[in-house]
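Below is one structure; the comments refer to it alone.
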Amino acid sequence: MSFVKRLVILTFSIILLSSCQQIVQDLTREVVLEVEGDFLYQDEIENFIPDNISKEDSLYLAESYKKQWVTRTLLYKKALSNIGKDKNIEQQAELYRKELMINQFQQKLIAEKLNDIPEDSLVSYYEKNKSLFPLDEVVVKGIFIQLPTSATDQADLSKWLSNTTDENLENIMRYCTQHAVSYEFNLESWTPYNKMIALMPQPISANDPSLTRGIIVQTDQEYSYYLRITGKCESGSPEPYEMIKPRLHNILLNQEKIRFINQFQQELYNQAIKEGKVISHDNESL
């Protein structure tokens, strides 16, 4: 419930302002509340409440919305009667309306016209800038397996882990589904070393050279633990491309959005000047 309460506090002050100036009742909609000629409709409440939340949270949000709507409406009418229509406020409201429409139009343009960032651009950017993204911890790729000490054919498992060909990986996966208590295959994605080594019963330093020399096997009274590290990147080295790719994509996409919008605005301006749509009434030309 605490998350929902925070959501209400953070969003009501903005969202409910848009409900403060309804004058004529919409007879096609179900009215929930009326305050001095302003109406709150059921669909407004329903649109505010997120999907996939509990009935309790839904009821709480609905009641909070209604209370806040009444409070904001009363405050607005009290302010209007005491301040009246302030010219500066009207100008700010109109400016906000224009900016909101411009922003929605630009987002529509981006969605329709802007292409996604190609893979080669991401790779090129990474190669030129990877020193700007150092790792703050050791990350690894590898396989972890936990077996009962009585599990059969562990010698075969060790042989397959020593040489992780596609065929041997299939053998390892088949073996794990039959015998393993738990296992993790992190061969395609990088994982923090501390997270991987925490699966083993005994700690191993990230600087231990045995990590990348072969298989590490530990045992206790009930289980055998196998760890095979297939890749390792040290803290301070550039973050691997596979890890940083989503962030690089966002960086380049945002840059491309800015470039696209700036270019569109410049072309719009130039076209208006060319067609004589901009008329200057002072002595300085545009």
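Each chain in the structure tokens gets a letter, A, B and so on, in the order shown; residues start at 1 in every chain, and ligands are counted from 1 in the order they appear.
Within segment 6-126 of chain A, DSSP run on the backbone puts these residues in strand (DSSP E or B): Val31, Val32, Leu33, Glu34, Val35, Asp38, Phe39, Leu40 and Tyr41 of chain A.
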*If you run DSSP on the backbone, which residues of segment 31-250 of chain A are alpha helix (DSSP H), as a ChimeraX atom specification?*
/A:42-48,55-83,87-113,119-129,154-162,166-179,193-197,241-250
*Tell me which of A:Lys257, A:Asp156, A:Leu74, A:Gln263 sits closest to Glu112 of chain A, counting only C-alpha atoms.*
A:Lys257
*asked:* List the spatial neighbours of Glu242 of chain A as a VMD selection string - criterion: any atom at most 8 Å away, only C-alpha atoms, same-chain residues fewer than 2 positions off excluded.
replied: chain A and resid 189 to 190 240 244 to 245
Take the residues that were just selected and, keeping N, CA, C and O atoms, output them as an mmCIF file, in the first residue's frame.
data_model
loop_
_atom_site.group_PDB
_atom_site.id
_atom_site.type_symbol
_atom_site.label_atom_id
_atom_site.label_comp_id
_atom_site.auth_asym_id
_atom_site.auth_seq_id
_atom_site.Cartn_x
_atom_site.Cartn_y
_atom_site.Cartn_z
ATOM 1 N N SER A 189 25.329 -14.084 -21.172
ATOM 2 C CA SER A 189 25.203 -12.820 -20.446
ATOM 3 C C SER A 189 26.239 -12.742 -19.325
ATOM 4 O O SER A 189 26.594 -13.758 -18.718
ATOM 5 N N TRP A 190 26.713 -11.535 -19.077
ATOM 6 C CA TRP A 190 27.690 -11.297 -18.021
ATOM 7 C C TRP A 190 26.987 -11.174 -16.677
ATOM 8 O O TRP A 190 25.914 -10.591 -16.575
ATOM 9 N N PRO A 240 31.724 -4.748 -20.925
ATOM 10 C CA PRO A 240 31.532 -5.510 -22.159
ATOM 11 C C PRO A 240 30.360 -4.976 -22.990
ATOM 12 O O PRO A 240 29.365 -4.497 -22.447
ATOM 13 N N ILE A 244 26.505 -3.306 -21.972
ATOM 14 C CA ILE A 244 26.225 -1.873 -22.102
ATOM 15 C C ILE A 244 25.356 -1.553 -23.311
ATOM 16 O O ILE A 244 24.889 -0.421 -23.460
ATOM 17 N N LYS A 245 25.117 -2.524 -24.154
ATOM 18 C CA LYS A 245 24.383 -2.274 -25.395
ATOM 19 C C LYS A 245 23.044 -1.552 -25.177
ATOM 20 O O LYS A 245 22.739 -0.588 -25.899
#
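Atom CA of Asn47 of chain A sits 29.2 Å away from atom CA of Gln91 of chain A.
Closest to Pro209 of chain A among A:Lys232, A:Gln154, A:Met173, A:Pro192 is A:Lys232, based on only C-alpha atoms.
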Would you mind listing what lies within 10 Å of Ile215 of chain A as a PDB file with C-alpha atoms, in the first residue's frame, with only C-alpha atoms counted and same-chain residues fewer than 6 positions away left out?
ATOM      1  CA  ILE A 143      28.290 -22.443 -15.592  1.00  0.00           C
ATOM      2  CA  SER A 158      33.943 -32.789 -15.641  1.00  0.00           C
ATOM      3  CA  LYS A 159      35.069 -33.802 -19.117  1.00  0.00           C
ATOM      4  CA  LEU A 161      32.801 -28.819 -18.627  1.00  0.00           C
ATOM      5  CA  SER A 162      36.486 -28.810 -19.599  1.00  0.00           C
ATOM      6  CA  TYR A 226      30.980 -27.260 -10.050  1.00  0.00           C
ATOM      7  CA  LEU A 227      31.998 -23.864 -11.367  1.00  0.00           C
ATOM      8  CA  ARG A 228      33.348 -23.302 -14.860  1.00  0.00           C
ATOM      9  CA  ILE A 229      34.294 -19.706 -15.728  1.00  0.00           C
ATOM     10  CA  THR A 230      34.313 -19.165 -19.481  1.00  0.00           C
TER      11      THR A 230
END
_Shell around Gly231 of chain A at 10 Å using only C-alpha atoms, local window under 2 positions removed, as a ChimeraX atom specification_ = /A:139-142,186-188,190,211-212,228-229,233
